[in-house]
Amino acid sequence: MKTDSISPNQYASIPMQSVGPFKLIGDVEADDLMVPMATYESPLWPSVARGARVAAHSGGIRVTVVDERMTRSILLEAPNASIATRHLRHIESRQAELQTIVAQSSRFAKLLKTHFQVVGNLIYLRFEFNTGDASGHNMATNAADRLIPWLLKHYPELKYVSISANYCTDKKVSAVNGILGRGKYVICETTIPRKFCKRFLKTTPEALVDLHIKKNLIGSIVSGGLRTANAHVANMLLGFYLATGQDAANIVEGSQAINHAEVTNNGDLYFSTTLPNLIVGTVGNGKGLDFVLNNLKQLGCTQKNVAPGVNARRLACIAGATAFCGELSLLAAQTNPGELMTTHLKLERD
C-alpha cells in the first residue's frame with residue numbers, strides 16, 4: 001500500500017457516550033461526574049453506569065494514588081558479566097549526575113530510580129521517571145537517548161545494543177511492571193450495603209464474593225494469568241482511553257488489575273480494584289483533538305495553575321474508577337444465570 005494515499009485527516013468513528021454519574025472521594029473529589037467511553041460494545045455503557053450508581057448511593061468510590069512513574073529500559077553490552085556488574089554498581093552511585101543529563105531533555109522529566117538485570121554480558125538498565133502531566137513514553141525515551149552517550153563516554157567498555165530492552169515493559173504482559181511500577185498505581189474501593197447489592201446489583205455480597213474467588217482468583221490461576229485477577233478491565237480502559245486520547249495499546253499492561261472482595265462484619269460488600277499500571281496523560285500526542293479536549297475538560301483534567309502531574313493523576317483516578325464500576329457490575333450479573341447474555345442480546349440488537 002502506498003502511504004501517500006492515506007490522508008491524515010481520516011478518522012475512525014467509534015460510538016461514544018458519557019456514563020454515570022460518578023461520585024469520587026479520596027485523592028480525587030467529584031460529584032455527579034459523567035465519564036466518556038468510546039466503544040462498539042454498547043452494553044458497557046449501562047453496565048458501568050450501574051456500578052457508578054450503586055457506588056454513589058454507598059458513599060462514593062474512594063480512589064488512592066499509591067505511586068507514579070514512567071520507565072524506559074536500555075540494552076548495553078559488556079565484555080563479560082564481571083565488568084557489567086562492576087560498572088552498574090558505579091552507575092547506581094551517580095544518580096545526581098544522571099539527573100543532570102535527564103534535565104537537559106525536558107524540564108518536567110525527573111529521574112527517580114534505576115534498576116538492572118544482567119544476563120551473561122548483557123545489561124538491562126531500567127530508568128524510572130516522573131513525567132508530570134504527560135503519560136511519558138516519549139519523555140522517558142528522549143531522556144534515555146541522552147543518557148546512553150553519557151554512559152558510553154564514561155564507561156567505554158560498554159557497547160550500545162538498543163534504546164529499548166523489553167525490561168520497561170511497554171505494551172506487553174509482564175511481572176516487572178506490577179512489582180516495580182509503570183504509570184499510575186491506583187486503588188479504587190467502596191463498601192456497598194447489603195440492601196443496595198440487592199436493589200441495584202440484583203445479588204448478595206456472599207454470591208459476589210464466592211464468584212470472585214472461583215472466577216477471578218482460581219480461574220486466573222488455572223488460565224496461567226500473570227499478576228491479574230479481574231473480569232474485563234481491558235473493556236473499560238479501552239473505552240476510556242479512546243475517549244480521552246490515550247495510547248490504547250497500553251491497556252495490555254493496564255488491564256493487569258486485581259479485584260478484591262469480602263463480606264464485612266456487618267454483612268455488607270467490600271469491593272476494590274487495584275490497577276498498578278495505568279498509563280495516562282493530559283498533554284501530548286492526541287490531546288489537541290477537539291473531542292478529546294472537550295472530554296478532558298468534562299472530567300476536570302485541564303486545570304490551569306496547578307502543580308505538574310495533578311491533571312494526569314486525576315485522570316488516572318477516573319480511569320480506575322471506570323474500570324472498578326464495570327468490574328462490579330459484570331460480576332454481579334454473572335452471579336445470575338442468563339443475565340449476561342440476555343442483556344447483551346437486548347442492548348446490542350437495539
# chains A, B, ... in the order shown; residues from 1 in each chain; ligands from 1
call {"tool": "residues_around", "arguments": {"residues": "A:Asn177", "least_positions_apart": "6", "cutoff": "9 Å", "atoms": "only C-alpha atoms", "output": "JSON, numbers by chain"}}
result
{"A": [167, 168, 169, 170, 183, 253, 276, 277]}
call {"tool": "residues_around", "arguments": {"residues": "stretch 313-315 of chain A", "least_positions_apart": "2", "cutoff": "10 Å", "atoms": "only C-alpha atoms", "output": "VMD selection string"}}
result
chain A and resid 27 to 29 63 to 65 67 to 68 132 to 133 183 to 186 240 244 278 to 282 296 299 to 302 308 to 311 317 to 321
call {"tool": "residues_around", "arguments": {"residues": "stretch 110-112 of chain A", "least_positions_apart": "6", "cutoff": "9 Å", "atoms": "only C-alpha atoms", "output": "mmCIF file with C-alpha atoms, in the first residue's frame"}}
result
data_model
loop_
_atom_site.group_PDB
_atom_site.id
_atom_site.type_symbol
_atom_site.label_atom_id
_atom_site.label_comp_id
_atom_site.auth_asym_id
_atom_site.auth_seq_id
_atom_site.Cartn_x
_atom_site.Cartn_y
_atom_site.Cartn_z
ATOM 1 C CA ARG A 69 6.450 6.628 37.337
ATOM 2 C CA GLN A 95 22.131 9.399 40.294
ATOM 3 C CA ALA A 96 22.681 13.150 40.641
ATOM 4 C CA LEU A 98 22.321 11.152 35.617
ATOM 5 C CA GLN A 99 19.557 13.584 36.602
ATOM 6 C CA VAL A 102 17.867 13.965 32.122
ATOM 7 C CA ALA A 103 17.064 17.604 32.876
ATOM 8 C CA PHE A 127 15.229 4.054 34.242
ATOM 9 C CA GLU A 128 12.203 5.342 36.157
ATOM 10 C CA PHE A 129 10.992 8.922 35.661
ATOM 11 C CA ASN A 130 8.379 11.327 36.892
ATOM 12 C CA THR A 131 6.901 12.921 33.761
ATOM 13 C CA GLY A 132 4.359 15.472 35.020
ATOM 14 C CA ALA A 143 15.850 11.082 28.416
#
call {"tool": "atom_distance", "arguments": {"atom1": "atom CA of A:Leu158", "atom2": "atom CA of A:Glu92"}}
result
15.5 Å
call {"tool": "residues_around", "arguments": {"residues": "A:Val263", "least_positions_apart": "5", "cutoff": "8 Å", "atoms": "only C-alpha atoms", "output": "list in words"}}
result
Pro205, Glu206, Val209, Asp268, Leu269 and Tyr270 of chain A
call {"tool": "select_by_dssp", "arguments": {"residues": "stretch 124-269 of chain A", "states": "strand (DSSP E or B)", "output": "ChimeraX atom specification"}}
result
/A:124-130,134,159-162,183-192,229,258-263,269
call {"tool": "closest_residue", "arguments": {"among": "A:Cys188, A:Ala312, A:Leu289, A:Leu180", "to": "A:Ile258", "atoms": "only C-alpha atoms"}}
result
A:Cys188
call {"tool": "residues_around", "arguments": {"residues": "A:Ser164", "least_positions_apart": "5", "cutoff": "12 Å", "atoms": "only C-alpha atoms", "output": "PyMOL selection string"}}
result
chain A and resi 71-76+123-127+137-138+140-142+144-145+148+169-170
call {"tool": "closest_residue", "arguments": {"among": "A:Thr190, A:Gln298, A:Asn305, A:Asn336", "to": "A:Arg62", "atoms": "only C-alpha atoms"}}
result
A:Thr190
